[in-house]
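One file, run-v7.pdb, carrying PDB, C-alpha atoms:
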ATOM      1  CA  MET E  15     211.071 277.928 -55.007  1.00  0.00           C
ATOM      2  CA  LYS E  16     208.307 276.290 -52.981  1.00  0.00           C
ATOM      3  CA  LYS E  17     205.938 278.494 -50.985  1.00  0.00           C
ATOM      4  CA  VAL E  18     205.577 277.490 -47.314  1.00  0.00           C
ATOM      5  CA  ILE E  19     202.683 278.836 -45.246  1.00  0.00           C
ATOM      6  CA  VAL E  20     203.138 278.720 -41.453  1.00  0.00           C
ATOM      7  CA  ASP E  21     200.462 279.421 -38.846  1.00  0.00           C
ATOM      8  CA  MET E  22     201.449 281.458 -35.813  1.00  0.00           C
ATOM      9  CA  ASP E  23     199.215 280.512 -32.840  1.00  0.00           C
ATOM     10  CA  GLY E  24     199.787 276.961 -31.676  1.00  0.00           C
ATOM     11  CA  VAL E  25     202.655 276.485 -34.136  1.00  0.00           C
ATOM     12  CA  MET E  26     205.163 279.303 -33.611  1.00  0.00           C
ATOM     13  CA  ALA E  27     203.546 280.729 -30.470  1.00  0.00           C
ATOM     14  CA  ASP E  28     202.634 278.574 -27.467  1.00  0.00           C
ATOM     15  CA  VAL E  29     198.993 279.486 -26.858  1.00  0.00           C
ATOM     16  CA  TYR E  30     198.311 276.548 -24.530  1.00  0.00           C
ATOM     17  CA  HIS E  31     200.970 277.556 -22.013  1.00  0.00           C
ATOM     18  CA  GLN E  32     199.691 281.132 -22.107  1.00  0.00           C
ATOM     19  CA  LEU E  33     196.096 280.002 -21.475  1.00  0.00           C
ATOM     20  CA  VAL E  34     197.248 277.776 -18.597  1.00  0.00           C
ATOM     21  CA  GLN E  35     199.073 280.742 -17.018  1.00  0.00           C
ATOM     22  CA  PHE E  36     196.119 283.131 -17.451  1.00  0.00           C
ATOM     23  CA  GLU E  37     193.711 280.540 -15.996  1.00  0.00           C
ATOM     24  CA  LYS E  38     195.974 280.072 -12.970  1.00  0.00           C
ATOM     25  CA  ARG E  39     196.350 283.838 -12.529  1.00  0.00           C
ATOM     26  CA  ASP E  40     192.574 284.445 -12.623  1.00  0.00           C
ATOM     27  CA  THR E  41     191.184 281.376 -10.839  1.00  0.00           C
ATOM     28  CA  GLY E  42     194.097 279.684  -9.094  1.00  0.00           C
ATOM     29  CA  ARG E  43     193.162 276.540 -11.049  1.00  0.00           C
ATOM     30  CA  GLU E  44     196.107 274.528 -12.380  1.00  0.00           C
ATOM     31  CA  ILE E  45     195.367 272.903 -15.724  1.00  0.00           C
ATOM     32  CA  GLU E  46     197.540 270.043 -16.926  1.00  0.00           C
ATOM     33  CA  ILE E  47     197.994 270.203 -20.697  1.00  0.00           C
ATOM     34  CA  SER E  48     198.377 266.419 -20.762  1.00  0.00           C
ATOM     35  CA  ASP E  49     194.739 266.127 -19.583  1.00  0.00           C
ATOM     36  CA  LEU E  50     193.364 268.079 -22.551  1.00  0.00           C
ATOM     37  CA  ALA E  51     193.816 265.548 -25.381  1.00  0.00           C
ATOM     38  CA  GLY E  52     190.958 265.737 -27.856  1.00  0.00           C
ATOM     39  CA  LYS E  53     189.118 268.543 -26.058  1.00  0.00           C
ATOM     40  CA  PRO E  54     188.268 271.781 -27.889  1.00  0.00           C
ATOM     41  CA  GLU E  55     190.099 274.798 -26.460  1.00  0.00           C
ATOM     42  CA  ILE E  56     186.804 276.401 -25.381  1.00  0.00           C
ATOM     43  CA  GLU E  57     186.106 273.341 -23.212  1.00  0.00           C
ATOM     44  CA  SER E  58     189.655 273.155 -21.868  1.00  0.00           C
ATOM     45  CA  PHE E  59     189.829 276.834 -20.925  1.00  0.00           C
ATOM     46  CA  PRO E  60     186.448 278.181 -19.711  1.00  0.00           C
ATOM     47  CA  ASN E  61     187.869 281.736 -19.485  1.00  0.00           C
ATOM     48  CA  GLY E  62     189.790 281.446 -22.741  1.00  0.00           C
ATOM     49  CA  LYS E  63     187.501 283.742 -24.735  1.00  0.00           C
ATOM     50  CA  LYS E  64     188.032 286.474 -22.133  1.00  0.00           C
ATOM     51  CA  HIS E  65     191.791 285.896 -22.122  1.00  0.00           C
ATOM     52  CA  VAL E  66     192.292 286.081 -25.899  1.00  0.00           C
ATOM     53  CA  ASN E  67     190.441 289.405 -25.908  1.00  0.00           C
ATOM     54  CA  GLU E  68     192.688 290.799 -23.178  1.00  0.00           C
ATOM     55  CA  VAL E  69     195.235 293.447 -24.152  1.00  0.00           C
ATOM     56  CA  GLY E  70     198.691 291.858 -24.188  1.00  0.00           C
ATOM     57  CA  PHE E  71     197.583 288.221 -24.598  1.00  0.00           C
ATOM     58  CA  PHE E  72     199.056 287.776 -28.093  1.00  0.00           C
ATOM     59  CA  ARG E  73     201.976 290.141 -27.493  1.00  0.00           C
ATOM     60  CA  THR E  74     203.310 288.056 -24.610  1.00  0.00           C
ATOM     61  CA  LEU E  75     202.875 284.533 -26.008  1.00  0.00           C
ATOM     62  CA  PRO E  76     205.818 282.217 -25.329  1.00  0.00           C
ATOM     63  CA  VAL E  77     207.816 281.183 -28.402  1.00  0.00           C
ATOM     64  CA  MET E  78     207.302 277.527 -29.320  1.00  0.00           C
ATOM     65  CA  LYS E  79     210.412 275.452 -28.640  1.00  0.00           C
ATOM     66  CA  GLY E  80     212.607 275.181 -31.721  1.00  0.00           C
ATOM     67  CA  SER E  81     210.536 277.538 -33.868  1.00  0.00           C
ATOM     68  CA  ARG E  82     213.116 280.353 -34.142  1.00  0.00           C
ATOM     69  CA  GLU E  83     215.817 278.096 -35.571  1.00  0.00           C
ATOM     70  CA  ALA E  84     213.343 276.278 -37.810  1.00  0.00           C
ATOM     71  CA  MET E  85     211.860 279.481 -39.176  1.00  0.00           C
ATOM     72  CA  GLU E  86     215.325 280.791 -40.047  1.00  0.00           C
ATOM     73  CA  TYR E  87     216.024 277.501 -41.817  1.00  0.00           C
ATOM     74  CA  LEU E  88     212.711 277.644 -43.740  1.00  0.00           C
ATOM     75  CA  ASN E  89     213.180 281.320 -44.550  1.00  0.00           C
ATOM     76  CA  ASN E  90     216.537 280.578 -46.186  1.00  0.00           C
ATOM     77  CA  LYS E  91     215.283 277.576 -48.132  1.00  0.00           C
ATOM     78  CA  TYR E  92     211.708 278.478 -49.177  1.00  0.00           C
ATOM     79  CA  GLU E  93     209.405 281.352 -50.005  1.00  0.00           C
ATOM     80  CA  LEU E  94     208.032 281.681 -46.459  1.00  0.00           C
ATOM     81  CA  TYR E  95     204.817 283.342 -45.279  1.00  0.00           C
ATOM     82  CA  ILE E  96     203.344 283.588 -41.802  1.00  0.00           C
ATOM     83  CA  VAL E  97     199.567 283.400 -42.142  1.00  0.00           C
ATOM     84  CA  SER E  98     197.551 283.981 -38.988  1.00  0.00           C
ATOM     85  CA  ALA E  99     193.892 284.685 -38.346  1.00  0.00           C
ATOM     86  CA  GLY E 100     193.823 288.115 -36.771  1.00  0.00           C
ATOM     87  CA  MET E 101     190.369 289.519 -37.397  1.00  0.00           C
ATOM     88  CA  GLU E 102     188.393 287.738 -34.674  1.00  0.00           C
ATOM     89  CA  PHE E 103     190.335 289.366 -31.833  1.00  0.00           C
ATOM     90  CA  PRO E 104     190.977 293.041 -32.694  1.00  0.00           C
ATOM     91  CA  ASN E 105     193.931 293.474 -30.293  1.00  0.00           C
ATOM     92  CA  SER E 106     195.707 290.592 -31.967  1.00  0.00           C
ATOM     93  CA  LEU E 107     196.514 292.398 -35.233  1.00  0.00           C
ATOM     94  CA  ARG E 108     199.074 294.789 -33.776  1.00  0.00           C
ATOM     95  CA  GLU E 109     200.163 292.388 -31.052  1.00  0.00           C
ATOM     96  CA  LYS E 110     200.903 289.566 -33.501  1.00  0.00           C
ATOM     97  CA  TYR E 111     202.875 291.886 -35.762  1.00  0.00           C
ATOM     98  CA  ASP E 112     204.914 293.235 -32.817  1.00  0.00           C
ATOM     99  CA  TRP E 113     205.470 289.702 -31.464  1.00  0.00           C
ATOM    100  CA  LEU E 114     206.806 288.525 -34.829  1.00  0.00           C
ATOM    101  CA  ALA E 115     209.052 291.606 -35.137  1.00  0.00           C
ATOM    102  CA  GLU E 116     210.549 290.909 -31.708  1.00  0.00           C
ATOM    103  CA  HIS E 117     211.027 287.143 -31.909  1.00  0.00           C
ATOM    104  CA  PHE E 118     211.507 286.642 -35.668  1.00  0.00           C
ATOM    105  CA  PRO E 119     213.182 289.865 -36.884  1.00  0.00           C
ATOM    106  CA  PHE E 120     214.368 288.148 -40.095  1.00  0.00           C
ATOM    107  CA  ILE E 121     210.749 287.811 -41.275  1.00  0.00           C
ATOM    108  CA  THR E 122     209.778 290.933 -43.208  1.00  0.00           C
ATOM    109  CA  TRP E 123     206.408 292.680 -43.129  1.00  0.00           C
ATOM    110  CA  GLU E 124     205.868 291.415 -46.690  1.00  0.00           C
ATOM    111  CA  GLN E 125     205.917 287.829 -45.393  1.00  0.00           C
ATOM    112  CA  ILE E 126     203.187 288.415 -42.789  1.00  0.00           C
ATOM    113  CA  VAL E 127     199.538 287.857 -43.673  1.00  0.00           C
ATOM    114  CA  LEU E 128     197.021 288.583 -40.913  1.00  0.00           C
ATOM    115  CA  CYS E 129     193.608 287.608 -42.200  1.00  0.00           C
ATOM    116  CA  GLY E 130     190.123 286.354 -41.416  1.00  0.00           C
ATOM    117  CA  SER E 131     189.671 283.027 -43.176  1.00  0.00           C
ATOM    118  CA  LYS E 132     192.629 281.058 -44.504  1.00  0.00           C
ATOM    119  CA  LYS E 133     190.498 279.542 -47.286  1.00  0.00           C
ATOM    120  CA  VAL E 134     191.998 282.002 -49.788  1.00  0.00           C
ATOM    121  CA  VAL E 135     195.584 281.018 -49.008  1.00  0.00           C
ATOM    122  CA  SER E 136     197.522 278.956 -51.507  1.00  0.00           C
ATOM    123  CA  GLY E 137     201.013 277.538 -51.571  1.00  0.00           C
ATOM    124  CA  ASP E 138     202.942 274.294 -51.705  1.00  0.00           C
ATOM    125  CA  ILE E 139     203.152 273.413 -47.987  1.00  0.00           C
ATOM    126  CA  MET E 140     201.045 274.521 -45.006  1.00  0.00           C
ATOM    127  CA  ILE E 141     201.885 273.985 -41.335  1.00  0.00           C
ATOM    128  CA  ASP E 142     198.891 274.570 -39.052  1.00  0.00           C
ATOM    129  CA  ASP E 143     197.329 273.117 -35.911  1.00  0.00           C
ATOM    130  CA  TYR E 144     193.708 273.467 -37.044  1.00  0.00           C
ATOM    131  CA  PRO E 145     192.190 270.971 -39.482  1.00  0.00           C
ATOM    132  CA  LYS E 146     189.691 273.627 -40.655  1.00  0.00           C
ATOM    133  CA  ASN E 147     192.627 275.575 -42.108  1.00  0.00           C
ATOM    134  CA  LEU E 148     194.281 272.552 -43.679  1.00  0.00           C
ATOM    135  CA  ASP E 149     191.065 271.140 -45.172  1.00  0.00           C
ATOM    136  CA  HIS E 150     190.864 273.884 -47.820  1.00  0.00           C
ATOM    137  CA  PHE E 151     194.557 273.816 -48.676  1.00  0.00           C
ATOM    138  CA  SER E 152     195.526 271.998 -51.862  1.00  0.00           C
ATOM    139  CA  GLY E 153     199.254 271.500 -51.153  1.00  0.00           C
ATOM    140  CA  GLN E 154     201.136 269.353 -48.643  1.00  0.00           C
ATOM    141  CA  ARG E 155     199.489 269.600 -45.208  1.00  0.00           C
ATOM    142  CA  LEU E 156     201.457 269.299 -41.982  1.00  0.00           C
ATOM    143  CA  ILE E 157     199.312 269.264 -38.849  1.00  0.00           C
ATOM    144  CA  PHE E 158     201.245 270.519 -35.837  1.00  0.00           C
ATOM    145  CA  THR E 159     200.216 268.470 -32.812  1.00  0.00           C
ATOM    146  CA  GLN E 160     198.285 270.330 -30.135  1.00  0.00           C
ATOM    147  CA  PRO E 161     195.871 268.849 -27.573  1.00  0.00           C
ATOM    148  CA  HIS E 162     192.763 269.886 -29.547  1.00  0.00           C
ATOM    149  CA  ASN E 163     193.921 267.935 -32.640  1.00  0.00           C
ATOM    150  CA  GLU E 164     195.796 265.087 -30.934  1.00  0.00           C
ATOM    151  CA  LEU E 165     193.106 262.459 -31.531  1.00  0.00           C
ATOM    152  CA  ILE E 166     192.301 263.431 -35.115  1.00  0.00           C
ATOM    153  CA  GLU E 167     193.314 260.895 -37.718  1.00  0.00           C
ATOM    154  CA  ASN E 168     193.266 262.071 -41.307  1.00  0.00           C
ATOM    155  CA  ASP E 169     195.321 260.553 -44.113  1.00  0.00           C
ATOM    156  CA  THR E 170     195.483 263.895 -45.943  1.00  0.00           C
ATOM    157  CA  TYR E 171     197.623 265.421 -43.149  1.00  0.00           C
ATOM    158  CA  GLU E 172     201.121 264.533 -42.128  1.00  0.00           C
ATOM    159  CA  ARG E 173     201.324 264.834 -38.334  1.00  0.00           C
ATOM    160  CA  VAL E 174     204.320 266.642 -36.867  1.00  0.00           C
ATOM    161  CA  HIS E 175     205.113 266.895 -33.165  1.00  0.00           C
ATOM    162  CA  SER E 176     207.999 269.379 -33.158  1.00  0.00           C
ATOM    163  CA  TRP E 177     209.947 271.896 -35.191  1.00  0.00           C
ATOM    164  CA  GLU E 178     212.852 269.469 -35.257  1.00  0.00           C
ATOM    165  CA  GLU E 179     210.604 266.961 -37.046  1.00  0.00           C
ATOM    166  CA  ILE E 180     209.477 269.625 -39.521  1.00  0.00           C
ATOM    167  CA  MET E 181     213.083 270.491 -40.388  1.00  0.00           C
ATOM    168  CA  SER E 182     213.826 266.809 -41.052  1.00  0.00           C
ATOM    169  CA  ILE E 183     210.853 266.638 -43.453  1.00  0.00           C
ATOM    170  CA  LEU E 184     211.530 269.942 -45.215  1.00  0.00           C
TER
END

Would you put the structure from the file into C-alpha cells?
Amino acid sequence: MKKVIVDMDGVMADVYHQLVQFEKRDTGREIEISDLAGKPEIESFPNGKKHVNEVGFFRTLPVMKGSREAMEYLNNKYELYIVSAGMEFPNSLREKYDWLAEHFPFITWEQIVLCGSKKVVSGDIMIDDYPKNLDHFSGQRLIFTQPHNELIENDTYERVHSWEEIMSIL
C-alpha cells in the first residue's frame, strides 16, 4: 500500500482565510486573496507572525473545501499520514491535534506527525503547499496551489488546485 503524506496548513486547513479575518479584526484592512499571487505570506500579512502565535489561531482554522471527503477517500485507499510543522509556534502542537480530532475524527493519533523539519519524511506521495517541503521529498510531489506558490513553475511538482483534482489523480 502506498504511503501518502499530507500537509495540514494551506492544504487541509485554510490559513489564508484565517489570516484575512485576523487582519480585518485587528486593523480593519480588507485583504483580497486574489491580490496576493506570488507574494510571501510575511509580505501579504504584516501582522501574520503575531496572529500565528496567538492562542486559538490554529484551533479555529477553517477546513479547506473538499478536504474532509478527500481525506476519507485517501484514508481508505492508502497508508495516510498528516505531517505538519508544529515546532515553530508552540501553541500549534495541541491546537493542530485538537483541530484534526474535531474535523477528521477518522484519522488516528498514529497517523499524525507534528514535527520541525519535513526533510526526514519519506513516502510515495506528498501533498504540500510549500516547495521547501517538496524539494527534499523523493516520491511523487503534488503542490497544492496557494497564493505564495501560484507563480512557481517546477517540473518536479504536479500542481493541484483542489481536493477534487487530487482525488481524480489518486

(request) Name the residues, using the chain letters and numbers of the file, that sit within 12 Å of (210.0, 290.1, -44.5) when counting only C-alpha atoms, and give them as a VMD selection string. (result) chain E and resid 86 89 to 90 93 to 96 111 114 to 115 118 to 127

Centre, edges in Å (one decimal): axis-aligned box, stretch 41-47 of chain E, 6 Å padding on all six sides, as JSON:
{"center_x": 194.6, "center_y": 275.7, "center_z": -14.9, "size_x": 18.8, "size_y": 23.3, "size_z": 23.6}

(request) Convert the output of the PyMOL selection byres ((chain E and resi 136) around 8) on the shown file into explicit residues, formatted as an MDAnalysis selection string. (result) chainID E and resid 134:135 137:138 151:153

(message) Applying 10 Å and all atoms listed in the file, which residues near E:Ile166 remain after dropping the ones on its own chain fewer than 5 positions away? List them as a list in words.
(response) Gly52, Pro145, Ile157, Thr159, Pro161, Tyr171 and Arg173 of chain E

(request) Could you list the residues chosen by the PyMOL selection byres ((chain E and resi 81) around 10) in this structure as a ChimeraX atom specification? (result) /E:25-27,77-80,82-87,117-118,176-178,180-181

(message) Between E:Leu184, E:Gln160, E:Lys133, E:Val97, which residue has the minimum interatomic distance to E:Val20, considering all atoms listed in the file?
(response)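 Closest residue, counting all atoms listed in the file: E:Val97.
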
(request) Considering all atoms listed in the file, state which residue in the set E:Met15, E:Cys129, E:Val34, E:Leu148 is at the smallest distance from E:Asp49. (result) E:Val34

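Of the listed residues (E:Met22, E:Ala99, E:Lys63, E:Gln154), E:Met22 comes nearest to E:Asp142; the distances count all atoms listed in the file.
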
(request) For atom CA of E:Asp21 and atom CA of E:Asp143, quote the distance in Å rounded to one decimal. (result)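 The value is 7.6 Å.
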
(message) Using all atoms listed in the file for the distances, tell me which of E:Glu179, E:Ser98, E:Asp40, E:Phe72 is nearest to E:Asn147.
(response) E:Ser98

(request) Mind giving me the straight-line distance from atom CA of E:Phe103 to atom CA of E:Glu68 in Å, one decimal? (result) 9.1 Å

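Interatomic distance, atom CA of E:Pro104 to atom CA of E:Val29: 16.8 Å.
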
(request) Using all atoms listed in the file, find the one residue out of E:Pro76, E:Gly100, E:Gly130, E:Gly24 that sits nearest to E:Glu55. (result)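 The closest residue to E:Glu55 is E:Gly24.
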
(message) Selection in question (the file shown): the PyMOL selection byres ((chain E and resi 66) around 10). Which residues does it include, as a PyMOL selection string?
(response) chain E and resi 29+32-33+36+61-65+67-72+102-106

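Each of E:Met140, E:Leu165, E:Leu128, E:Leu107 was checked against E:Ala51 using all atoms listed in the file; the smallest atom-to-atom distance is that of E:Leu165.
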
(request) With a distance cut-off of 12 Å and only C-alpha atoms, select the neighbouring residues of E:Ile45, excluding the residue or stretch itself and same-chain residues fewer than 2 positions from it, and output the selection as a VMD selection string. (result) chain E and resid 30 to 39 41 to 43 47 to 50 57 to 60
